[in-house]
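Q: Provided below: model_8.cif, containing mmCIF, N, CA and C atoms.
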```cif
data_entry
loop_
_atom_site.label_atom_id
_atom_site.label_comp_id
_atom_site.auth_asym_id
_atom_site.auth_seq_id
_atom_site.Cartn_x
_atom_site.Cartn_y
_atom_site.Cartn_z
N MET A 25 -14.53 1.31 37.02
CA MET A 25 -14.36 0.34 35.96
C MET A 25 -14.39 1.04 34.60
N VAL A 26 -15.28 2.01 34.43
CA VAL A 26 -15.35 2.74 33.17
C VAL A 26 -14.08 3.54 32.95
N MET A 27 -13.57 4.17 34.03
CA MET A 27 -12.35 4.96 33.93
C MET A 27 -11.16 4.09 33.55
N GLU A 28 -11.11 2.89 34.12
CA GLU A 28 -10.02 1.97 33.82
C GLU A 28 -10.04 1.59 32.34
N GLY A 29 -11.22 1.32 31.81
CA GLY A 29 -11.35 0.99 30.39
C GLY A 29 -10.96 2.16 29.51
N LEU A 30 -11.37 3.36 29.91
CA LEU A 30 -11.01 4.56 29.16
C LEU A 30 -9.50 4.76 29.16
N GLN A 31 -8.87 4.59 30.33
CA GLN A 31 -7.42 4.75 30.42
C GLN A 31 -6.69 3.75 29.53
N LYS A 32 -7.13 2.51 29.53
CA LYS A 32 -6.50 1.49 28.70
C LYS A 32 -6.64 1.83 27.22
N ASN A 33 -7.82 2.32 26.83
CA ASN A 33 -8.03 2.70 25.43
C ASN A 33 -7.21 3.92 25.04
N LEU A 34 -7.08 4.88 25.93
CA LEU A 34 -6.25 6.06 25.66
C LEU A 34 -4.78 5.66 25.55
N PHE A 35 -4.34 4.78 26.42
CA PHE A 35 -2.96 4.29 26.40
C PHE A 35 -2.68 3.57 25.08
N LEU A 36 -3.59 2.71 24.67
CA LEU A 36 -3.46 1.98 23.41
C LEU A 36 -3.43 2.95 22.23
N SER A 37 -4.34 3.89 22.22
CA SER A 37 -4.39 4.87 21.13
C SER A 37 -3.11 5.68 21.05
N GLY A 38 -2.61 6.11 22.18
CA GLY A 38 -1.36 6.88 22.20
C GLY A 38 -0.18 6.07 21.70
N ARG A 39 -0.10 4.81 22.13
CA ARG A 39 0.97 3.93 21.65
C ARG A 39 0.92 3.75 20.15
N ILE A 40 -0.28 3.52 19.62
CA ILE A 40 -0.42 3.31 18.18
C ILE A 40 -0.04 4.57 17.42
N LEU A 41 -0.49 5.72 17.89
CA LEU A 41 -0.15 6.98 17.22
C LEU A 41 1.35 7.25 17.26
N LEU A 42 1.99 7.00 18.39
CA LEU A 42 3.44 7.16 18.47
C LEU A 42 4.14 6.19 17.52
N GLY A 43 3.65 4.97 17.47
CA GLY A 43 4.23 4.00 16.55
C GLY A 43 4.11 4.44 15.10
N LEU A 44 2.94 4.93 14.72
CA LEU A 44 2.73 5.40 13.35
C LEU A 44 3.60 6.61 13.03
N TYR A 45 3.86 7.45 14.04
CA TYR A 45 4.72 8.61 13.84
C TYR A 45 6.11 8.18 13.35
N PHE A 46 6.56 7.01 13.77
CA PHE A 46 7.88 6.52 13.34
C PHE A 46 7.80 5.62 12.11
N ILE A 47 6.77 4.83 12.00
CA ILE A 47 6.65 3.91 10.86
C ILE A 47 6.56 4.68 9.55
N GLY A 48 5.73 5.71 9.50
CA GLY A 48 5.56 6.50 8.27
C GLY A 48 6.87 7.08 7.75
N PRO A 49 7.58 7.85 8.55
CA PRO A 49 8.87 8.39 8.09
C PRO A 49 9.90 7.31 7.77
N GLY A 50 9.87 6.20 8.50
CA GLY A 50 10.78 5.10 8.19
C GLY A 50 10.52 4.56 6.80
N LEU A 51 9.25 4.36 6.47
CA LEU A 51 8.89 3.88 5.13
C LEU A 51 9.24 4.91 4.05
N MET A 52 9.05 6.20 4.35
CA MET A 52 9.40 7.25 3.38
C MET A 52 10.90 7.25 3.12
N LYS A 53 11.70 6.97 4.14
CA LYS A 53 13.16 6.90 3.95
C LYS A 53 13.52 5.73 3.04
N VAL A 54 12.81 4.63 3.16
CA VAL A 54 13.04 3.49 2.28
C VAL A 54 12.71 3.87 0.84
N MET A 55 11.58 4.54 0.64
CA MET A 55 11.12 4.89 -0.71
C MET A 55 11.99 5.96 -1.36
N ASP A 56 12.60 6.82 -0.53
CA ASP A 56 13.49 7.86 -1.08
C ASP A 56 14.85 7.77 -0.40
N PHE A 57 15.44 6.60 -0.49
CA PHE A 57 16.73 6.34 0.18
C PHE A 57 17.79 7.33 -0.29
N THR A 58 17.89 7.53 -1.60
CA THR A 58 18.93 8.41 -2.14
C THR A 58 18.72 9.86 -1.70
N GLY A 59 17.50 10.34 -1.78
CA GLY A 59 17.20 11.71 -1.36
C GLY A 59 17.48 11.93 0.12
N THR A 60 17.10 10.94 0.93
CA THR A 60 17.35 11.04 2.37
C THR A 60 18.85 11.01 2.65
N ALA A 61 19.56 10.15 1.94
CA ALA A 61 21.02 10.07 2.11
C ALA A 61 21.68 11.40 1.75
N GLU A 62 21.22 12.03 0.69
CA GLU A 62 21.77 13.34 0.30
C GLU A 62 21.48 14.39 1.36
N TYR A 63 20.27 14.37 1.92
CA TYR A 63 19.88 15.31 2.97
C TYR A 63 20.76 15.12 4.20
N MET A 64 21.01 13.87 4.57
CA MET A 64 21.87 13.58 5.72
C MET A 64 23.30 14.04 5.46
N ALA A 65 23.80 13.78 4.27
CA ALA A 65 25.16 14.19 3.91
C ALA A 65 25.30 15.70 3.96
N ALA A 66 24.26 16.41 3.54
CA ALA A 66 24.28 17.88 3.56
C ALA A 66 24.36 18.41 5.01
N HIS A 67 23.95 17.59 5.97
CA HIS A 67 24.03 17.98 7.38
C HIS A 67 25.31 17.47 8.03
N GLY A 68 26.24 16.96 7.22
CA GLY A 68 27.53 16.55 7.74
C GLY A 68 27.58 15.17 8.36
N ILE A 69 26.58 14.36 8.12
CA ILE A 69 26.57 13.00 8.68
C ILE A 69 27.62 12.17 7.94
N VAL A 70 28.37 11.39 8.69
CA VAL A 70 29.35 10.48 8.11
C VAL A 70 28.73 9.08 8.06
N LEU A 71 29.30 8.21 7.27
CA LEU A 71 28.79 6.84 7.14
C LEU A 71 27.28 6.83 6.90
N VAL A 72 26.85 7.68 5.98
CA VAL A 72 25.43 7.88 5.72
C VAL A 72 24.67 6.58 5.47
N PRO A 73 25.13 5.71 4.56
CA PRO A 73 24.33 4.50 4.31
C PRO A 73 24.09 3.67 5.58
N ALA A 74 25.11 3.52 6.40
CA ALA A 74 24.97 2.72 7.62
C ALA A 74 23.99 3.38 8.59
N PHE A 75 24.15 4.69 8.80
CA PHE A 75 23.25 5.38 9.74
C PHE A 75 21.82 5.47 9.20
N LEU A 76 21.69 5.58 7.90
CA LEU A 76 20.35 5.63 7.31
C LEU A 76 19.64 4.28 7.48
N VAL A 77 20.34 3.21 7.21
CA VAL A 77 19.74 1.88 7.40
C VAL A 77 19.39 1.66 8.87
N LEU A 78 20.29 2.04 9.76
CA LEU A 78 20.03 1.90 11.19
C LEU A 78 18.79 2.71 11.60
N THR A 79 18.70 3.93 11.10
CA THR A 79 17.55 4.77 11.41
C THR A 79 16.26 4.14 10.90
N ILE A 80 16.29 3.61 9.68
CA ILE A 80 15.10 2.97 9.11
C ILE A 80 14.68 1.77 9.97
N VAL A 81 15.64 0.95 10.35
CA VAL A 81 15.33 -0.23 11.16
C VAL A 81 14.74 0.18 12.50
N ILE A 82 15.34 1.19 13.13
CA ILE A 82 14.83 1.64 14.43
C ILE A 82 13.45 2.26 14.28
N GLN A 83 13.25 3.09 13.25
CA GLN A 83 11.95 3.73 13.09
C GLN A 83 10.84 2.73 12.79
N ILE A 84 11.06 1.85 11.84
CA ILE A 84 10.00 0.90 11.49
C ILE A 84 9.85 -0.17 12.57
N GLY A 85 10.96 -0.77 12.98
CA GLY A 85 10.89 -1.80 14.02
C GLY A 85 10.39 -1.26 15.35
N GLY A 86 10.94 -0.13 15.76
CA GLY A 86 10.51 0.48 17.01
C GLY A 86 9.07 0.95 16.96
N GLY A 87 8.68 1.51 15.82
CA GLY A 87 7.30 1.95 15.66
C GLY A 87 6.31 0.79 15.78
N LEU A 88 6.67 -0.33 15.16
CA LEU A 88 5.82 -1.52 15.27
C LEU A 88 5.77 -2.01 16.72
N CYS A 89 6.91 -2.00 17.39
CA CYS A 89 6.94 -2.42 18.80
C CYS A 89 6.07 -1.52 19.67
N LEU A 90 6.12 -0.23 19.44
CA LEU A 90 5.27 0.69 20.20
C LEU A 90 3.80 0.39 19.94
N ALA A 91 3.46 0.20 18.67
CA ALA A 91 2.06 -0.02 18.30
C ALA A 91 1.49 -1.30 18.91
N ILE A 92 2.30 -2.36 18.94
CA ILE A 92 1.79 -3.63 19.48
C ILE A 92 2.07 -3.80 20.97
N GLY A 93 2.86 -2.89 21.54
CA GLY A 93 3.13 -2.93 22.97
C GLY A 93 4.23 -3.88 23.39
N TYR A 94 5.17 -4.16 22.49
CA TYR A 94 6.26 -5.08 22.79
C TYR A 94 7.44 -4.34 23.40
N ARG A 95 7.87 -4.76 24.59
CA ARG A 95 9.06 -4.20 25.27
C ARG A 95 9.00 -2.67 25.31
N LEU A 96 7.90 -2.14 25.80
CA LEU A 96 7.65 -0.70 25.74
C LEU A 96 8.73 0.15 26.39
N SER A 97 9.18 -0.22 27.56
CA SER A 97 10.16 0.62 28.25
C SER A 97 11.45 0.72 27.47
N VAL A 98 12.00 -0.41 27.06
CA VAL A 98 13.27 -0.41 26.33
C VAL A 98 13.12 0.29 24.98
N VAL A 99 12.08 -0.07 24.24
CA VAL A 99 11.87 0.52 22.92
C VAL A 99 11.64 2.02 23.03
N SER A 100 10.89 2.45 24.02
CA SER A 100 10.63 3.89 24.19
C SER A 100 11.91 4.67 24.47
N VAL A 101 12.80 4.11 25.28
CA VAL A 101 14.07 4.77 25.57
C VAL A 101 14.92 4.85 24.31
N VAL A 102 14.98 3.77 23.54
CA VAL A 102 15.74 3.77 22.28
C VAL A 102 15.17 4.80 21.32
N MET A 103 13.85 4.84 21.21
CA MET A 103 13.21 5.80 20.30
C MET A 103 13.45 7.24 20.77
N ALA A 104 13.41 7.46 22.07
CA ALA A 104 13.69 8.80 22.60
C ALA A 104 15.12 9.22 22.27
N GLY A 105 16.06 8.28 22.38
CA GLY A 105 17.45 8.57 22.02
C GLY A 105 17.58 8.91 20.55
N LEU A 106 16.89 8.18 19.70
CA LEU A 106 16.91 8.47 18.26
C LEU A 106 16.36 9.87 17.99
N VAL A 107 15.25 10.20 18.63
CA VAL A 107 14.65 11.53 18.44
C VAL A 107 15.61 12.62 18.90
N LEU A 108 16.29 12.40 20.02
CA LEU A 108 17.24 13.39 20.52
C LEU A 108 18.38 13.59 19.52
N VAL A 109 18.96 12.51 19.04
CA VAL A 109 20.08 12.61 18.09
C VAL A 109 19.62 13.31 16.81
N ILE A 110 18.50 12.89 16.25
CA ILE A 110 17.99 13.52 15.03
C ILE A 110 17.73 15.00 15.26
N SER A 111 17.17 15.34 16.40
CA SER A 111 16.85 16.74 16.69
C SER A 111 18.09 17.61 16.76
N VAL A 112 19.10 17.13 17.47
CA VAL A 112 20.32 17.92 17.65
C VAL A 112 21.09 18.04 16.34
N VAL A 113 21.16 16.97 15.57
CA VAL A 113 21.98 16.95 14.36
C VAL A 113 21.25 17.55 13.15
N MET A 114 19.97 17.23 12.99
CA MET A 114 19.26 17.61 11.77
C MET A 114 18.43 18.89 11.92
N HIS A 115 18.10 19.29 13.12
CA HIS A 115 17.26 20.49 13.32
C HIS A 115 18.01 21.53 14.16
N ASP A 116 19.23 21.82 13.77
CA ASP A 116 20.12 22.71 14.52
C ASP A 116 19.83 24.18 14.24
N PHE A 117 18.65 24.61 14.65
CA PHE A 117 18.20 25.98 14.39
C PHE A 117 19.14 27.02 14.99
N TRP A 118 19.83 26.69 16.07
CA TRP A 118 20.72 27.64 16.75
C TRP A 118 21.92 28.04 15.91
N SER A 119 22.21 27.28 14.86
CA SER A 119 23.35 27.62 14.01
C SER A 119 22.93 28.36 12.73
N MET A 120 21.67 28.74 12.63
CA MET A 120 21.15 29.37 11.41
C MET A 120 20.91 30.85 11.60
N ASP A 121 20.93 31.56 10.48
CA ASP A 121 20.55 32.97 10.48
C ASP A 121 19.04 33.07 10.64
N GLU A 122 18.59 34.23 11.14
CA GLU A 122 17.16 34.46 11.30
C GLU A 122 16.45 34.27 9.97
N GLY A 123 15.24 33.77 10.03
CA GLY A 123 14.46 33.60 8.83
C GLY A 123 13.50 32.44 8.94
N VAL A 124 12.83 32.16 7.83
CA VAL A 124 11.81 31.12 7.79
C VAL A 124 12.41 29.74 8.09
N GLN A 125 13.58 29.44 7.52
CA GLN A 125 14.19 28.14 7.73
C GLN A 125 14.54 27.92 9.20
N LYS A 126 15.06 28.95 9.86
CA LYS A 126 15.39 28.84 11.27
C LYS A 126 14.13 28.58 12.10
N ALA A 127 13.06 29.32 11.79
CA ALA A 127 11.80 29.14 12.50
C ALA A 127 11.25 27.73 12.28
N HIS A 128 11.36 27.24 11.06
CA HIS A 128 10.89 25.89 10.73
C HIS A 128 11.67 24.83 11.51
N GLU A 129 12.99 24.97 11.54
CA GLU A 129 13.82 24.00 12.25
C GLU A 129 13.59 24.07 13.76
N MET A 130 13.36 25.28 14.29
CA MET A 130 13.06 25.42 15.71
C MET A 130 11.74 24.72 16.04
N GLN A 131 10.76 24.90 15.18
CA GLN A 131 9.46 24.25 15.38
C GLN A 131 9.62 22.73 15.37
N ASN A 132 10.39 22.20 14.42
CA ASN A 132 10.63 20.75 14.37
C ASN A 132 11.35 20.27 15.63
N PHE A 133 12.33 21.04 16.08
CA PHE A 133 13.08 20.67 17.28
C PHE A 133 12.14 20.60 18.49
N ILE A 134 11.32 21.63 18.67
CA ILE A 134 10.41 21.67 19.82
C ILE A 134 9.38 20.55 19.74
N LYS A 135 8.85 20.29 18.54
CA LYS A 135 7.91 19.19 18.34
C LYS A 135 8.57 17.87 18.72
N ASN A 136 9.81 17.69 18.30
CA ASN A 136 10.52 16.45 18.61
C ASN A 136 10.77 16.30 20.11
N MET A 137 11.01 17.41 20.81
CA MET A 137 11.19 17.33 22.26
C MET A 137 9.89 16.88 22.92
N ALA A 138 8.75 17.31 22.40
CA ALA A 138 7.46 16.87 22.95
C ALA A 138 7.26 15.38 22.69
N ILE A 139 7.63 14.91 21.52
CA ILE A 139 7.52 13.49 21.21
C ILE A 139 8.47 12.69 22.11
N MET A 140 9.66 13.21 22.30
CA MET A 140 10.61 12.55 23.19
C MET A 140 10.05 12.48 24.61
N ALA A 141 9.40 13.55 25.05
CA ALA A 141 8.78 13.55 26.38
C ALA A 141 7.72 12.46 26.48
N GLY A 142 6.90 12.33 25.46
CA GLY A 142 5.88 11.28 25.45
C GLY A 142 6.51 9.89 25.51
N LEU A 143 7.60 9.70 24.79
CA LEU A 143 8.29 8.41 24.82
C LEU A 143 8.87 8.13 26.20
N LEU A 144 9.41 9.14 26.86
CA LEU A 144 9.96 8.96 28.20
C LEU A 144 8.87 8.65 29.21
N VAL A 145 7.71 9.28 29.06
CA VAL A 145 6.58 8.96 29.92
C VAL A 145 6.17 7.51 29.70
N LEU A 146 6.11 7.10 28.44
CA LEU A 146 5.76 5.73 28.11
C LEU A 146 6.79 4.76 28.69
N ALA A 147 8.06 5.12 28.61
CA ALA A 147 9.13 4.27 29.16
C ALA A 147 8.98 4.11 30.67
N GLY A 148 8.48 5.14 31.33
CA GLY A 148 8.34 5.10 32.78
C GLY A 148 7.03 4.51 33.27
N THR A 149 6.20 4.09 32.35
CA THR A 149 4.91 3.51 32.72
C THR A 149 5.09 2.04 33.02
N ASN A 150 4.86 1.66 34.25
CA ASN A 150 5.04 0.27 34.66
C ASN A 150 3.79 -0.57 34.45
N GLU A 151 2.68 0.10 34.26
CA GLU A 151 1.41 -0.60 34.15
C GLU A 151 1.36 -1.46 32.88
N VAL A 152 1.01 -2.71 33.06
CA VAL A 152 0.82 -3.59 31.90
C VAL A 152 -0.58 -3.34 31.38
N GLN A 153 -0.68 -3.04 30.12
CA GLN A 153 -1.97 -2.73 29.52
C GLN A 153 -2.51 -3.97 28.82
N GLU A 154 -3.43 -4.63 29.46
CA GLU A 154 -4.06 -5.79 28.86
C GLU A 154 -5.47 -5.41 28.44
N PRO A 155 -6.03 -6.13 27.47
CA PRO A 155 -7.40 -5.84 27.08
C PRO A 155 -8.33 -5.96 28.30
N ALA A 156 -9.33 -5.12 28.34
CA ALA A 156 -10.29 -5.16 29.45
C ALA A 156 -10.97 -6.53 29.49
N ARG A 157 -11.12 -7.05 30.67
CA ARG A 157 -11.76 -8.36 30.83
C ARG A 157 -13.17 -8.15 31.37
N MET A 158 -14.02 -9.04 31.00
CA MET A 158 -15.40 -9.01 31.50
C MET A 158 -15.40 -9.56 32.92
N HIS A 159 -16.01 -8.85 33.80
CA HIS A 159 -16.14 -9.32 35.19
C HIS A 159 -17.56 -9.82 35.38
N SER A 160 -17.68 -10.96 36.05
CA SER A 160 -19.04 -11.49 36.27
C SER A 160 -19.54 -11.18 37.64
#
```
Let me see whether you can do it: turn the structure in this file into structure tokens.
A:
Amino acid sequence: MVMEGLQKNLFLSGRILLGLYFIGPGLMKVMDFTGTAEYMAAHGIVLVPAFLVLTIVIQIGGGLCLAIGYRLSVVSVVMAGLVLVISVVMHDFWSMDEGVQKAHEMQNFIKNMAIMAGLLVLAGTNEVQEPARMHS
């Protein structure tokens, strides 16, 4: 019974942390829309305003869904897809010359793959996490 409660609390904590990982950057994109749009354009993104708005909606909306536990499997797969696209397009370390920037982008890419792995694990979790109930 103690282990079950611990597992539920760890699951909840992980979901909230993953949600916050997306909500924060989503809000930062809103606050610096122009700067983010310029950064995306510099990476060759087309239709920047549309993709930026879509990214913001997915990050904030999906982050909230992760945090509250709404439609976890579907939302986790969508978020994993977003992380994959962002990683391949924005952290393309393989196309850079050796140096600090390449190392930085490689680190971001690898970090994002770990986050994507966590999202895929979450997507594959069938267990419904309900608050622990008191047993009499």
Q: Of the candidates A:Leu34, A:Met140, A:Ala65, A:Leu146, which shows the shortest atom-to-atom distance to Leu108 in chain A, using all atoms listed in the file?
A: A:Met140
Q: Point out the residue among A:Val124, A:Ser111, A:Val98, A:Met27 with the least atom-to-atom distance to Ala138 in chain A, counting only C-alpha atoms.
A: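 So, comparing all the options, the nearest one is A:Ser111.
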Q: To one decimal place in Å, what is the distance between atom N of Val107 in chain A and CA of Ser37 in chain A?
A: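 We find that atom N of Val107 in chain A and CA of Ser37 in chain A lie 20.5 Å from each other.
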Q: Mind checking which residues fall within 12 Å of range 89-92 of chain A, counting only C-alpha atoms, ignoring those fewer than 2 positions away in the same chain, and posting them as a PDB file with N, CA and C atoms, in the frame of the given file?
A:
```
ATOM      1  N   PHE A  35      -4.340   4.780  26.420  1.00  0.00           N
ATOM      2  CA  PHE A  35      -2.960   4.290  26.400  1.00  0.00           C
ATOM      3  C   PHE A  35      -2.680   3.570  25.080  1.00  0.00           C
ATOM      4  N   LEU A  36      -3.590   2.710  24.670  1.00  0.00           N
ATOM      5  CA  LEU A  36      -3.460   1.980  23.410  1.00  0.00           C
ATOM      6  C   LEU A  36      -3.430   2.950  22.230  1.00  0.00           C
ATOM      7  N   SER A  37      -4.340   3.890  22.220  1.00  0.00           N
ATOM      8  CA  SER A  37      -4.390   4.870  21.130  1.00  0.00           C
ATOM      9  C   SER A  37      -3.110   5.680  21.050  1.00  0.00           C
ATOM     10  N   GLY A  38      -2.610   6.110  22.180  1.00  0.00           N
ATOM     11  CA  GLY A  38      -1.360   6.880  22.200  1.00  0.00           C
ATOM     12  C   GLY A  38      -0.180   6.070  21.700  1.00  0.00           C
ATOM     13  N   ARG A  39      -0.100   4.810  22.130  1.00  0.00           N
ATOM     14  CA  ARG A  39       0.970   3.930  21.650  1.00  0.00           C
ATOM     15  C   ARG A  39       0.920   3.750  20.150  1.00  0.00           C
ATOM     16  N   ILE A  40      -0.280   3.520  19.620  1.00  0.00           N
ATOM     17  CA  ILE A  40      -0.420   3.310  18.180  1.00  0.00           C
ATOM     18  C   ILE A  40      -0.040   4.570  17.420  1.00  0.00           C
ATOM     19  N   LEU A  41      -0.490   5.720  17.890  1.00  0.00           N
ATOM     20  CA  LEU A  41      -0.150   6.980  17.220  1.00  0.00           C
ATOM     21  C   LEU A  41       1.350   7.250  17.260  1.00  0.00           C
ATOM     22  N   LEU A  42       1.990   7.000  18.390  1.00  0.00           N
ATOM     23  CA  LEU A  42       3.440   7.160  18.470  1.00  0.00           C
ATOM     24  C   LEU A  42       4.140   6.190  17.520  1.00  0.00           C
ATOM     25  N   GLY A  43       3.650   4.970  17.470  1.00  0.00           N
ATOM     26  CA  GLY A  43       4.230   4.000  16.550  1.00  0.00           C
ATOM     27  C   GLY A  43       4.110   4.440  15.100  1.00  0.00           C
ATOM     28  N   LEU A  44       2.940   4.930  14.720  1.00  0.00           N
ATOM     29  CA  LEU A  44       2.730   5.400  13.350  1.00  0.00           C
ATOM     30  C   LEU A  44       3.600   6.610  13.030  1.00  0.00           C
ATOM     31  N   TYR A  45       3.860   7.450  14.040  1.00  0.00           N
ATOM     32  CA  TYR A  45       4.720   8.610  13.840  1.00  0.00           C
ATOM     33  C   TYR A  45       6.110   8.180  13.350  1.00  0.00           C
ATOM     34  N   PHE A  46       6.560   7.010  13.770  1.00  0.00           N
ATOM     35  CA  PHE A  46       7.880   6.520  13.340  1.00  0.00           C
ATOM     36  C   PHE A  46       7.800   5.620  12.110  1.00  0.00           C
ATOM     37  N   ILE A  47       6.770   4.830  12.000  1.00  0.00           N
ATOM     38  CA  ILE A  47       6.650   3.910  10.860  1.00  0.00           C
ATOM     39  C   ILE A  47       6.560   4.680   9.550  1.00  0.00           C
ATOM     40  N   VAL A  81      15.640   0.950  10.350  1.00  0.00           N
ATOM     41  CA  VAL A  81      15.330  -0.230  11.160  1.00  0.00           C
ATOM     42  C   VAL A  81      14.740   0.180  12.500  1.00  0.00           C
ATOM     43  N   ILE A  82      15.340   1.190  13.130  1.00  0.00           N
ATOM     44  CA  ILE A  82      14.830   1.640  14.430  1.00  0.00           C
ATOM     45  C   ILE A  82      13.450   2.260  14.280  1.00  0.00           C
ATOM     46  N   GLN A  83      13.250   3.090  13.250  1.00  0.00           N
ATOM     47  CA  GLN A  83      11.950   3.730  13.090  1.00  0.00           C
ATOM     48  C   GLN A  83      10.840   2.730  12.790  1.00  0.00           C
ATOM     49  N   ILE A  84      11.060   1.850  11.840  1.00  0.00           N
ATOM     50  CA  ILE A  84      10.000   0.900  11.490  1.00  0.00           C
ATOM     51  C   ILE A  84       9.850  -0.170  12.570  1.00  0.00           C
ATOM     52  N   GLY A  85      10.960  -0.770  12.980  1.00  0.00           N
ATOM     53  CA  GLY A  85      10.890  -1.800  14.020  1.00  0.00           C
ATOM     54  C   GLY A  85      10.390  -1.260  15.350  1.00  0.00           C
ATOM     55  N   GLY A  86      10.940  -0.130  15.760  1.00  0.00           N
ATOM     56  CA  GLY A  86      10.510   0.480  17.010  1.00  0.00           C
ATOM     57  C   GLY A  86       9.070   0.950  16.960  1.00  0.00           C
ATOM     58  N   GLY A  87       8.680   1.510  15.820  1.00  0.00           N
ATOM     59  CA  GLY A  87       7.300   1.950  15.660  1.00  0.00           C
ATOM     60  C   GLY A  87       6.310   0.790  15.780  1.00  0.00           C
ATOM     61  N   TYR A  94       5.170  -4.160  22.490  1.00  0.00           N
ATOM     62  CA  TYR A  94       6.260  -5.080  22.790  1.00  0.00           C
ATOM     63  C   TYR A  94       7.440  -4.340  23.400  1.00  0.00           C
ATOM     64  N   ARG A  95       7.870  -4.760  24.590  1.00  0.00           N
ATOM     65  CA  ARG A  95       9.060  -4.200  25.270  1.00  0.00           C
ATOM     66  C   ARG A  95       9.000  -2.670  25.310  1.00  0.00           C
ATOM     67  N   LEU A  96       7.900  -2.140  25.800  1.00  0.00           N
ATOM     68  CA  LEU A  96       7.650  -0.700  25.740  1.00  0.00           C
ATOM     69  C   LEU A  96       8.730   0.150  26.390  1.00  0.00           C
ATOM     70  N   SER A  97       9.180  -0.220  27.560  1.00  0.00           N
ATOM     71  CA  SER A  97      10.160   0.620  28.250  1.00  0.00           C
ATOM     72  C   SER A  97      11.450   0.720  27.470  1.00  0.00           C
ATOM     73  N   VAL A  98      12.000  -0.410  27.060  1.00  0.00           N
ATOM     74  CA  VAL A  98      13.270  -0.410  26.330  1.00  0.00           C
ATOM     75  C   VAL A  98      13.120   0.290  24.980  1.00  0.00           C
ATOM     76  N   VAL A  99      12.080  -0.070  24.240  1.00  0.00           N
ATOM     77  CA  VAL A  99      11.870   0.520  22.920  1.00  0.00           C
ATOM     78  C   VAL A  99      11.640   2.020  23.030  1.00  0.00           C
ATOM     79  N   SER A 100      10.890   2.450  24.020  1.00  0.00           N
ATOM     80  CA  SER A 100      10.630   3.890  24.190  1.00  0.00           C
ATOM     81  C   SER A 100      11.910   4.670  24.470  1.00  0.00           C
ATOM     82  N   VAL A 101      12.800   4.110  25.280  1.00  0.00           N
ATOM     83  CA  VAL A 101      14.070   4.770  25.570  1.00  0.00           C
ATOM     84  C   VAL A 101      14.920   4.850  24.310  1.00  0.00           C
ATOM     85  N   VAL A 102      14.980   3.770  23.540  1.00  0.00           N
ATOM     86  CA  VAL A 102      15.740   3.770  22.280  1.00  0.00           C
ATOM     87  C   VAL A 102      15.170   4.800  21.320  1.00  0.00           C
ATOM     88  N   MET A 103      13.850   4.840  21.210  1.00  0.00           N
ATOM     89  CA  MET A 103      13.210   5.800  20.300  1.00  0.00           C
ATOM     90  C   MET A 103      13.450   7.240  20.770  1.00  0.00           C
ATOM     91  N   ALA A 104      13.410   7.460  22.070  1.00  0.00           N
ATOM     92  CA  ALA A 104      13.690   8.800  22.600  1.00  0.00           C
ATOM     93  C   ALA A 104      15.120   9.220  22.270  1.00  0.00           C
ATOM     94  N   GLY A 142       6.900  12.330  25.460  1.00  0.00           N
ATOM     95  CA  GLY A 142       5.880  11.280  25.450  1.00  0.00           C
ATOM     96  C   GLY A 142       6.510   9.890  25.510  1.00  0.00           C
ATOM     97  N   LEU A 143       7.600   9.700  24.790  1.00  0.00           N
ATOM     98  CA  LEU A 143       8.290   8.410  24.820  1.00  0.00           C
ATOM     99  C   LEU A 143       8.870   8.130  26.200  1.00  0.00           C
ATOM    100  N   LEU A 146       6.110   7.100  28.440  1.00  0.00           N
ATOM    101  CA  LEU A 146       5.760   5.730  28.110  1.00  0.00           C
ATOM    102  C   LEU A 146       6.790   4.760  28.690  1.00  0.00           C
ATOM    103  N   ALA A 147       8.060   5.120  28.610  1.00  0.00           N
ATOM    104  CA  ALA A 147       9.130   4.270  29.160  1.00  0.00           C
ATOM    105  C   ALA A 147       8.980   4.110  30.670  1.00  0.00           C
ATOM    106  N   GLN A 153      -0.680  -3.040  30.120  1.00  0.00           N
ATOM    107  CA  GLN A 153      -1.970  -2.730  29.520  1.00  0.00           C
ATOM    108  C   GLN A 153      -2.510  -3.970  28.820  1.00  0.00           C
ATOM    109  N   GLU A 154      -3.430  -4.630  29.460  1.00  0.00           N
ATOM    110  CA  GLU A 154      -4.060  -5.790  28.860  1.00  0.00           C
ATOM    111  C   GLU A 154      -5.470  -5.410  28.440  1.00  0.00           C
TER     112      GLU A 154
END
```
Q: Calculate, to one decimal in Å, the centre and edge lengths of the box along x, y and z of the file that holds all listed atoms of range 104-123 of chain A with 5 Å of margin on each side, and present them as AutoDock Vina command-line options.
A:
```
--center_x 18.4 --center_y 21.0 --center_z 15.7 --size_x 19.9 --size_y 37.0 --size_z 23.8
```
Q: Where does the PyMOL selection byres ((chain A and resi 130-132) around 7) land in this file, that is, which residues does it pick, as a ChimeraX atom specification?
A: /A:111,115-118,125-129,133-137
Q: A:Ala141, A:Leu51, A:Met25, A:Ala61: which is nearest Ala74 in chain A, counting only C-alpha atoms?
A: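 Smallest separation from Ala74 in chain A among the options: A:Ala61.
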Q: Atom C of Val54 in chain A and CA of Val112 in chain A, how far apart in Å?
A: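 These two atoms are separated by 23.2 Å.
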Q: Please report the interatomic distance between CA of Asn33 in chain A and CA of Gly148 in chain A in Å with one decimal.
A: 18.1 Å
Q: Out of A:Pro49, A:Val26, A:Met55, A:Val113, which residue has the shortest atom-to-atom distance to Thr79 in chain A when counting all atoms listed in the file?
A: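 Ranking A:Pro49, A:Val26, A:Met55, A:Val113 by distance to Thr79 in chain A, first place goes to A:Pro49.
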Q: Hey, what's within 8 Å of Thr60 in chain A if we count all atoms listed in the file and toss same-chain stuff fewer than 6 positions away? As a PyMOL selection string, please?
A: chain A and resi 52-54+66+72+76
